[in-house]
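What follows is a set of notes on a single structure, which appears directly below.
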Amino acid sequence: MDTLGKERGIARPIRVLGDPVLRTECDPVRSFDANLMRLIEDMFVSMEAAEGVGLAANQIGVSQRVFVYDCEDDEGRRHVGHVVNPVLVVEDGETTVAEEGCLSLPGLHFPTPRAGHAIVEGVDMNGAPLRIEGTGYFARCLQHETYHLGGKVYTDVLSGDTRKEALRAIRSAQWSPANQSS
């Protein structure tokens, strides 16, 4: 189990949709040093403070390919860890539609289709190879966080009336850039 962030990190503000960092593909991590460790610690603390189950680095304003997670699968097994330079190598299995939300779109939840099985490959903070496999809710988390690092949010995978409803809700949300006064 990953124990980073339990005592040393600081909670950073979560960026909301409208911040350009969320729509920009993140850069690969090239330096495996104390700064990376500090970032991962801060991400765990930020995720916990926001009551999330996953967090991508760009959600706290850092355009680096890193995400953390503390998420259960459908069988109730808890998965805790981090992935540096993740690549979603498998996205298969039966597609399910379930309510999904995002810390960067606070208060909004929409039925979102996701593959029932996912595998992410990357490395840990020391550069050691990782292969993380998930099913059900944990697979959903792995897909969601990997997509973030490519400049996407979960509403990008919606279609039809659900997408229209999501876009209307985003425009009318209190945190939406459309509702911020200069």
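Each chain in the structure tokens gets a letter, A, B, ..., in the order shown, and its residues are numbered from 1; ligands are numbered from 1 in order too.
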- Find the residues around Cys141 in chain A up to 9 Å (only C-alpha atoms counted), leave out those fewer than 6 positions away in its own chain, and share them as a PyMOL selection string. chain A and resi 53-54+69+71+134
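Of the residues under consideration (A:Pro28, A:Gly9, A:Gly61, A:Gly160), A:Gly61 shows the shortest atom-to-atom contact distance to Ser104 in chain A when counting only C-alpha atoms.
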- Query: Got a sec: who's within 12 Å of Pro129 in chain A, counting only C-alpha atoms, leaving out chain neighbours fewer than 5 positions off, as an MDAnalysis selection string?
  - Reply: chainID A and resid 82:87 120:124
If you keep all heavy atoms, can you produce a file of those selected residues as a PDB file, in the first residue's frame?
ATOM      1  N   HIS A  82       0.197   5.307  -6.955  1.00  0.00           N
ATOM      2  CA  HIS A  82       0.475   6.400  -7.877  1.00  0.00           C
ATOM      3  C   HIS A  82       1.085   5.809  -9.143  1.00  0.00           C
ATOM      4  O   HIS A  82       1.628   4.698  -9.114  1.00  0.00           O
ATOM      5  CB  HIS A  82       1.434   7.423  -7.248  1.00  0.00           C
ATOM      6  CG  HIS A  82       2.830   6.903  -7.068  1.00  0.00           C
ATOM      7  ND1 HIS A  82       3.195   6.113  -5.991  1.00  0.00           N
ATOM      8  CD2 HIS A  82       3.942   7.028  -7.843  1.00  0.00           C
ATOM      9  CE1 HIS A  82       4.480   5.797  -6.111  1.00  0.00           C
ATOM     10  NE2 HIS A  82       4.957   6.337  -7.226  1.00  0.00           N
ATOM     11  N   VAL A  83       0.974   6.545 -10.244  1.00  0.00           N
ATOM     12  CA  VAL A  83       1.564   6.132 -11.519  1.00  0.00           C
ATOM     13  C   VAL A  83       2.176   7.361 -12.168  1.00  0.00           C
ATOM     14  O   VAL A  83       1.533   8.406 -12.279  1.00  0.00           O
ATOM     15  CB  VAL A  83       0.525   5.530 -12.487  1.00  0.00           C
ATOM     16  CG1 VAL A  83       1.218   4.947 -13.711  1.00  0.00           C
ATOM     17  CG2 VAL A  83      -0.329   4.482 -11.820  1.00  0.00           C
ATOM     18  N   VAL A  84       3.414   7.226 -12.583  1.00  0.00           N
ATOM     19  CA  VAL A  84       4.130   8.276 -13.302  1.00  0.00           C
ATOM     20  C   VAL A  84       4.201   7.854 -14.766  1.00  0.00           C
ATOM     21  O   VAL A  84       4.478   6.689 -15.070  1.00  0.00           O
ATOM     22  CB  VAL A  84       5.551   8.470 -12.708  1.00  0.00           C
ATOM     23  CG1 VAL A  84       6.326   9.518 -13.479  1.00  0.00           C
ATOM     24  CG2 VAL A  84       5.465   8.820 -11.222  1.00  0.00           C
ATOM     25  N   ASN A  85       3.949   8.789 -15.660  1.00  0.00           N
ATOM     26  CA  ASN A  85       3.957   8.551 -17.104  1.00  0.00           C
ATOM     27  C   ASN A  85       3.055   7.383 -17.503  1.00  0.00           C
ATOM     28  O   ASN A  85       3.451   6.486 -18.247  1.00  0.00           O
ATOM     29  CB  ASN A  85       5.383   8.349 -17.624  1.00  0.00           C
ATOM     30  CG  ASN A  85       6.235   9.584 -17.429  1.00  0.00           C
ATOM     31  OD1 ASN A  85       5.734  10.706 -17.407  1.00  0.00           O
ATOM     32  ND2 ASN A  85       7.529   9.396 -17.260  1.00  0.00           N
ATOM     33  N   PRO A  86       1.798   7.395 -17.015  1.00  0.00           N
ATOM     34  CA  PRO A  86       0.899   6.285 -17.325  1.00  0.00           C
ATOM     35  C   PRO A  86       0.456   6.259 -18.779  1.00  0.00           C
ATOM     36  O   PRO A  86       0.306   7.300 -19.417  1.00  0.00           O
ATOM     37  CB  PRO A  86      -0.301   6.550 -16.420  1.00  0.00           C
ATOM     38  CG  PRO A  86      -0.311   8.025 -16.240  1.00  0.00           C
ATOM     39  CD  PRO A  86       1.145   8.430 -16.216  1.00  0.00           C
ATOM     40  N   VAL A  87       0.258   5.026 -19.249  1.00  0.00           N
ATOM     41  CA  VAL A  87      -0.316   4.784 -20.570  1.00  0.00           C
ATOM     42  C   VAL A  87      -1.432   3.776 -20.368  1.00  0.00           C
ATOM     43  O   VAL A  87      -1.218   2.720 -19.767  1.00  0.00           O
ATOM     44  CB  VAL A  87       0.742   4.233 -21.548  1.00  0.00           C
ATOM     45  CG1 VAL A  87       0.112   3.889 -22.891  1.00  0.00           C
ATOM     46  CG2 VAL A  87       1.880   5.226 -21.728  1.00  0.00           C
ATOM     47  N   VAL A 120      -3.204  -0.017 -16.887  1.00  0.00           N
ATOM     48  CA  VAL A 120      -2.329   1.150 -17.060  1.00  0.00           C
ATOM     49  C   VAL A 120      -0.902   0.702 -16.779  1.00  0.00           C
ATOM     50  O   VAL A 120      -0.642  -0.001 -15.804  1.00  0.00           O
ATOM     51  CB  VAL A 120      -2.726   2.281 -16.083  1.00  0.00           C
ATOM     52  CG1 VAL A 120      -1.698   3.387 -16.080  1.00  0.00           C
ATOM     53  CG2 VAL A 120      -4.102   2.827 -16.429  1.00  0.00           C
ATOM     54  N   GLU A 121      -0.002   1.110 -17.658  1.00  0.00           N
ATOM     55  CA  GLU A 121       1.425   0.861 -17.438  1.00  0.00           C
ATOM     56  C   GLU A 121       2.130   2.191 -17.285  1.00  0.00           C
ATOM     57  O   GLU A 121       1.751   3.189 -17.915  1.00  0.00           O
ATOM     58  CB  GLU A 121       2.027   0.080 -18.609  1.00  0.00           C
ATOM     59  CG  GLU A 121       1.502  -1.333 -18.692  1.00  0.00           C
ATOM     60  CD  GLU A 121       2.090  -2.147 -19.831  1.00  0.00           C
ATOM     61  OE1 GLU A 121       2.744  -1.571 -20.727  1.00  0.00           O
ATOM     62  OE2 GLU A 121       1.903  -3.372 -19.806  1.00  0.00           O
ATOM     63  N   GLY A 122       3.135   2.211 -16.448  1.00  0.00           N
ATOM     64  CA  GLY A 122       3.931   3.404 -16.208  1.00  0.00           C
ATOM     65  C   GLY A 122       5.064   3.029 -15.283  1.00  0.00           C
ATOM     66  O   GLY A 122       5.528   1.883 -15.286  1.00  0.00           O
ATOM     67  N   VAL A 123       5.480   3.991 -14.495  1.00  0.00           N
ATOM     68  CA  VAL A 123       6.552   3.750 -13.526  1.00  0.00           C
ATOM     69  C   VAL A 123       6.169   4.391 -12.201  1.00  0.00           C
ATOM     70  O   VAL A 123       5.267   5.224 -12.134  1.00  0.00           O
ATOM     71  CB  VAL A 123       7.915   4.302 -14.014  1.00  0.00           C
ATOM     72  CG1 VAL A 123       8.368   3.584 -15.289  1.00  0.00           C
ATOM     73  CG2 VAL A 123       7.865   5.806 -14.241  1.00  0.00           C
ATOM     74  N   ASP A 124       6.891   3.991 -11.138  1.00  0.00           N
ATOM     75  CA  ASP A 124       6.671   4.633  -9.843  1.00  0.00           C
ATOM     76  C   ASP A 124       7.600   5.836  -9.717  1.00  0.00           C
ATOM     77  O   ASP A 124       8.335   6.176 -10.652  1.00  0.00           O
ATOM     78  CB  ASP A 124       6.824   3.637  -8.693  1.00  0.00           C
ATOM     79  CG  ASP A 124       8.245   3.137  -8.483  1.00  0.00           C
ATOM     80  OD1 ASP A 124       9.207   3.709  -9.057  1.00  0.00           O
ATOM     81  OD2 ASP A 124       8.406   2.159  -7.726  1.00  0.00           O
TER      82      ASP A 124
END
- Nearest to Trp175 in chain A, chosen from A:Leu105, A:Ile10, A:Val66, A:Asp156, with only C-alpha atoms counted in the distances: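 When distances to Trp175 in chain A are compared using only C-alpha atoms, the smallest one comes from A:Leu105.
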- Query: How many Å lie between CA of Val29 in chain A and CA of Arg65 in chain A, rounded to one decimal?
  - Reply: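 Between CA of Val29 in chain A and CA of Arg65 in chain A the gap works out to 6.1 Å.
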Contacts of Val62 in chain A at 12 Å (only C-alpha atoms; same-chain gap of 6+ positions) as a compact mmCIF listing (two decimals) with N, CA, C and O atoms, in the first residue's frame:
# COMPACT_ATOMS: atom_id res chain seq x y z
N ARG A 12 -3.31 21.17 -2.00
CA ARG A 12 -3.29 22.27 -2.97
C ARG A 12 -4.71 22.44 -3.52
O ARG A 12 -5.48 21.49 -3.58
N PRO A 13 -5.04 23.65 -3.97
CA PRO A 13 -6.38 23.88 -4.52
C PRO A 13 -6.60 23.05 -5.79
O PRO A 13 -5.70 22.91 -6.61
N ILE A 14 -7.82 22.55 -5.93
CA ILE A 14 -8.20 21.80 -7.11
C ILE A 14 -8.63 22.79 -8.20
O ILE A 14 -9.44 23.68 -7.94
N ARG A 15 -8.07 22.64 -9.38
CA ARG A 15 -8.43 23.49 -10.51
C ARG A 15 -9.76 23.02 -11.08
O ARG A 15 -10.04 21.83 -11.14
N ASP A 19 -9.91 26.22 -16.41
CA ASP A 19 -8.47 26.44 -16.25
C ASP A 19 -7.77 25.72 -17.41
O ASP A 19 -7.97 24.52 -17.60
N PRO A 20 -6.97 26.43 -18.19
CA PRO A 20 -6.34 25.82 -19.38
C PRO A 20 -5.48 24.59 -19.07
O PRO A 20 -5.32 23.72 -19.93
N VAL A 21 -4.95 24.46 -17.86
CA VAL A 21 -4.10 23.32 -17.53
C VAL A 21 -4.88 22.01 -17.65
O VAL A 21 -4.30 20.96 -17.93
N LEU A 22 -6.20 22.06 -17.47
CA LEU A 22 -7.01 20.84 -17.56
C LEU A 22 -7.26 20.39 -18.99
O LEU A 22 -7.62 19.25 -19.23
N THR A 24 -4.88 20.80 -21.49
CA THR A 24 -3.58 20.71 -22.14
C THR A 24 -2.97 19.35 -21.82
O THR A 24 -2.96 18.93 -20.67
N GLU A 25 -2.47 18.67 -22.84
CA GLU A 25 -1.83 17.38 -22.59
C GLU A 25 -0.61 17.59 -21.70
O GLU A 25 0.20 18.49 -21.93
N CYS A 26 -0.50 16.77 -20.67
CA CYS A 26 0.59 16.91 -19.70
C CYS A 26 1.91 16.40 -20.26
O CYS A 26 1.94 15.51 -21.11
N ASP A 27 2.99 16.96 -19.75
CA ASP A 27 4.35 16.58 -20.15
C ASP A 27 4.80 15.33 -19.40
O ASP A 27 4.47 15.15 -18.22
N PRO A 28 5.59 14.48 -20.06
CA PRO A 28 6.14 13.32 -19.35
C PRO A 28 7.09 13.78 -18.24
O PRO A 28 7.76 14.80 -18.36
N VAL A 29 7.11 13.00 -17.18
CA VAL A 29 8.05 13.26 -16.08
C VAL A 29 9.42 12.77 -16.54
O VAL A 29 9.55 11.66 -17.04
N ASN A 35 11.45 16.60 -5.88
CA ASN A 35 10.31 17.40 -6.32
C ASN A 35 9.15 16.50 -6.75
O ASN A 35 7.99 16.81 -6.48
N LEU A 36 9.45 15.39 -7.41
CA LEU A 36 8.42 14.45 -7.81
C LEU A 36 7.79 13.81 -6.57
O LEU A 36 6.56 13.70 -6.47
N LEU A 39 5.50 16.30 -5.01
CA LEU A 39 4.28 16.44 -5.81
C LEU A 39 3.31 15.30 -5.49
O LEU A 39 2.12 15.53 -5.24
N ILE A 40 3.80 14.07 -5.47
CA ILE A 40 2.95 12.92 -5.20
C ILE A 40 2.38 12.99 -3.79
O ILE A 40 1.18 12.73 -3.58
N ASP A 42 1.80 15.74 -2.07
CA ASP A 42 0.78 16.80 -2.11
C ASP A 42 -0.48 16.32 -2.81
O ASP A 42 -1.60 16.68 -2.41
N MET A 43 -0.32 15.50 -3.84
CA MET A 43 -1.50 14.99 -4.56
C MET A 43 -2.34 14.08 -3.67
O MET A 43 -3.58 14.18 -3.68
N LEU A 55 -6.71 11.50 -8.49
CA LEU A 55 -6.34 12.89 -8.78
C LEU A 55 -5.17 12.90 -9.74
O LEU A 55 -4.15 12.24 -9.51
N ALA A 56 -5.32 13.66 -10.82
CA ALA A 56 -4.25 13.85 -11.79
C ALA A 56 -3.51 15.14 -11.46
O ALA A 56 -4.10 16.09 -10.91
N HIS A 148 -7.45 12.48 -17.96
CA HIS A 148 -7.12 13.83 -17.47
C HIS A 148 -5.75 14.26 -18.00
O HIS A 148 -5.58 15.41 -18.41
N LEU A 149 -4.79 13.36 -17.96
CA LEU A 149 -3.41 13.72 -18.33
C LEU A 149 -3.28 13.99 -19.82
O LEU A 149 -2.30 14.58 -20.26
- Item | Which residue of A:Pro113, A:Ala128, A:Tyr137, A:Asp33 approaches His79 in chain A most closely, using only C-alpha atoms |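 Selected residue with least distance to His79 in chain A: A:Tyr137.
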- Item | Test item: residues at most 9 Å from Asp74 in chain A, only C-alpha atoms, excluding those fewer than 2 positions along its chain, as a PyMOL selection string | chain A and resi 72+76-77+135-138
- Query: Just asking: which residues within range 40-163 of chain A are helix (DSSP H, G or I) according to DSSP, as number ranges by chain?
  - Reply: A: 40-49, 57-60, 136-149, 154-157, 160-163
- Message: For the strand (DSSP E or B) assignment from backbone DSSP, which residues of range 30-167 of chain A qualify? Please present them as an MDAnalysis selection string.
- Response: chainID A and resid 54:56 64 66:72 78:101 109:123 129:135
Who sits within 7 Å of range 96-103 of chain A, only C-alpha atoms, same chain under 3 positions skipped, as a tab-separated table (two decimals) with all heavy atoms, in the first residue's frame:
chain	number	residue	atom	x	y	z
A	52	GLY	N	-11.77	12.75	-2.84
A	52	GLY	CA	-11.77	12.08	-4.12
A	52	GLY	C	-11.19	10.69	-4.03
A	52	GLY	O	-10.66	10.29	-2.99
A	106	PRO	N	-17.01	20.30	-9.83
A	106	PRO	CA	-17.66	20.05	-8.55
A	106	PRO	C	-19.18	20.08	-8.63
A	106	PRO	O	-19.76	20.95	-9.28
A	106	PRO	CB	-17.12	21.15	-7.64
A	106	PRO	CG	-16.47	22.16	-8.52
A	106	PRO	CD	-16.15	21.49	-9.81
A	108	LEU	N	-21.22	18.06	-10.10
A	108	LEU	CA	-21.86	17.48	-11.29
A	108	LEU	C	-21.56	15.99	-11.38
A	108	LEU	O	-20.43	15.56	-11.17
A	108	LEU	CB	-21.37	18.18	-12.56
A	108	LEU	CG	-21.60	19.70	-12.63
A	108	LEU	CD1	-21.10	20.24	-13.96
A	108	LEU	CD2	-23.06	20.04	-12.41
A	109	HIS	N	-22.58	15.22	-11.72
A	109	HIS	CA	-22.46	13.78	-11.91
A	109	HIS	C	-23.35	13.38	-13.07
A	109	HIS	O	-24.51	13.81	-13.12
A	109	HIS	CB	-22.89	13.03	-10.65
A	109	HIS	CG	-22.04	13.32	-9.47
A	109	HIS	ND1	-22.24	14.39	-8.65
A	109	HIS	CD2	-20.95	12.68	-8.99
A	109	HIS	CE1	-21.32	14.41	-7.70
A	109	HIS	NE2	-20.52	13.38	-7.89
A	110	PHE	N	-22.81	12.58	-13.98
A	110	PHE	CA	-23.57	12.15	-15.13
A	110	PHE	C	-23.30	10.68	-15.42
A	110	PHE	O	-22.20	10.18	-15.17
A	110	PHE	CB	-23.21	12.99	-16.36
A	110	PHE	CG	-23.60	14.43	-16.20
A	110	PHE	CD1	-22.67	15.36	-15.78
A	110	PHE	CD2	-24.90	14.84	-16.41
A	110	PHE	CE1	-23.02	16.68	-15.58
A	110	PHE	CE2	-25.27	16.16	-16.22
A	110	PHE	CZ	-24.33	17.08	-15.81
A	111	PRO	N	-24.30	9.98	-15.98
A	111	PRO	CA	-24.09	8.59	-16.38
A	111	PRO	C	-23.05	8.55	-17.50
A	111	PRO	O	-23.24	9.16	-18.55
A	111	PRO	CB	-25.46	8.13	-16.85
A	111	PRO	CG	-26.34	9.32	-16.91
A	111	PRO	CD	-25.63	10.46	-16.24
A	112	THR	N	-21.94	7.86	-17.23
A	112	THR	CA	-20.78	7.87	-18.12
A	112	THR	C	-20.41	6.45	-18.51
A	112	THR	O	-20.23	5.60	-17.65
A	112	THR	CB	-19.60	8.55	-17.40
A	112	THR	OG1	-20.02	9.84	-16.96
A	112	THR	CG2	-18.39	8.68	-18.30
A	113	PRO	N	-20.27	6.20	-19.82
A	113	PRO	CA	-19.86	4.86	-20.25
A	113	PRO	C	-18.35	4.66	-20.07
A	113	PRO	O	-17.56	5.54	-20.40
A	113	PRO	CB	-20.24	4.84	-21.74
A	113	PRO	CG	-20.17	6.28	-22.17
A	113	PRO	CD	-20.53	7.10	-20.94
A	114	ARG	N	-17.97	3.51	-19.53
A	114	ARG	CA	-16.56	3.14	-19.39
A	114	ARG	C	-16.41	1.65	-19.60
A	114	ARG	O	-17.31	0.87	-19.29
A	114	ARG	CB	-16.04	3.47	-17.99
A	114	ARG	CG	-15.99	4.93	-17.63
A	114	ARG	CD	-14.83	5.65	-18.25
A	114	ARG	NE	-14.75	7.01	-17.71
A	114	ARG	CZ	-13.98	7.94	-18.20
A	114	ARG	NH1	-13.20	7.70	-19.24
A	114	ARG	NH2	-13.94	9.14	-17.67
A	115	ALA	N	-15.25	1.25	-20.09
A	115	ALA	CA	-14.93	-0.17	-20.22
A	115	ALA	C	-14.84	-0.79	-18.83
A	115	ALA	O	-14.40	-0.14	-17.87
A	115	ALA	CB	-13.61	-0.34	-20.96
A	116	GLY	N	-15.22	-2.03	-18.71
A	116	GLY	CA	-15.24	-2.71	-17.42
A	116	GLY	C	-13.89	-3.22	-16.96
A	116	GLY	O	-13.75	-3.69	-15.83
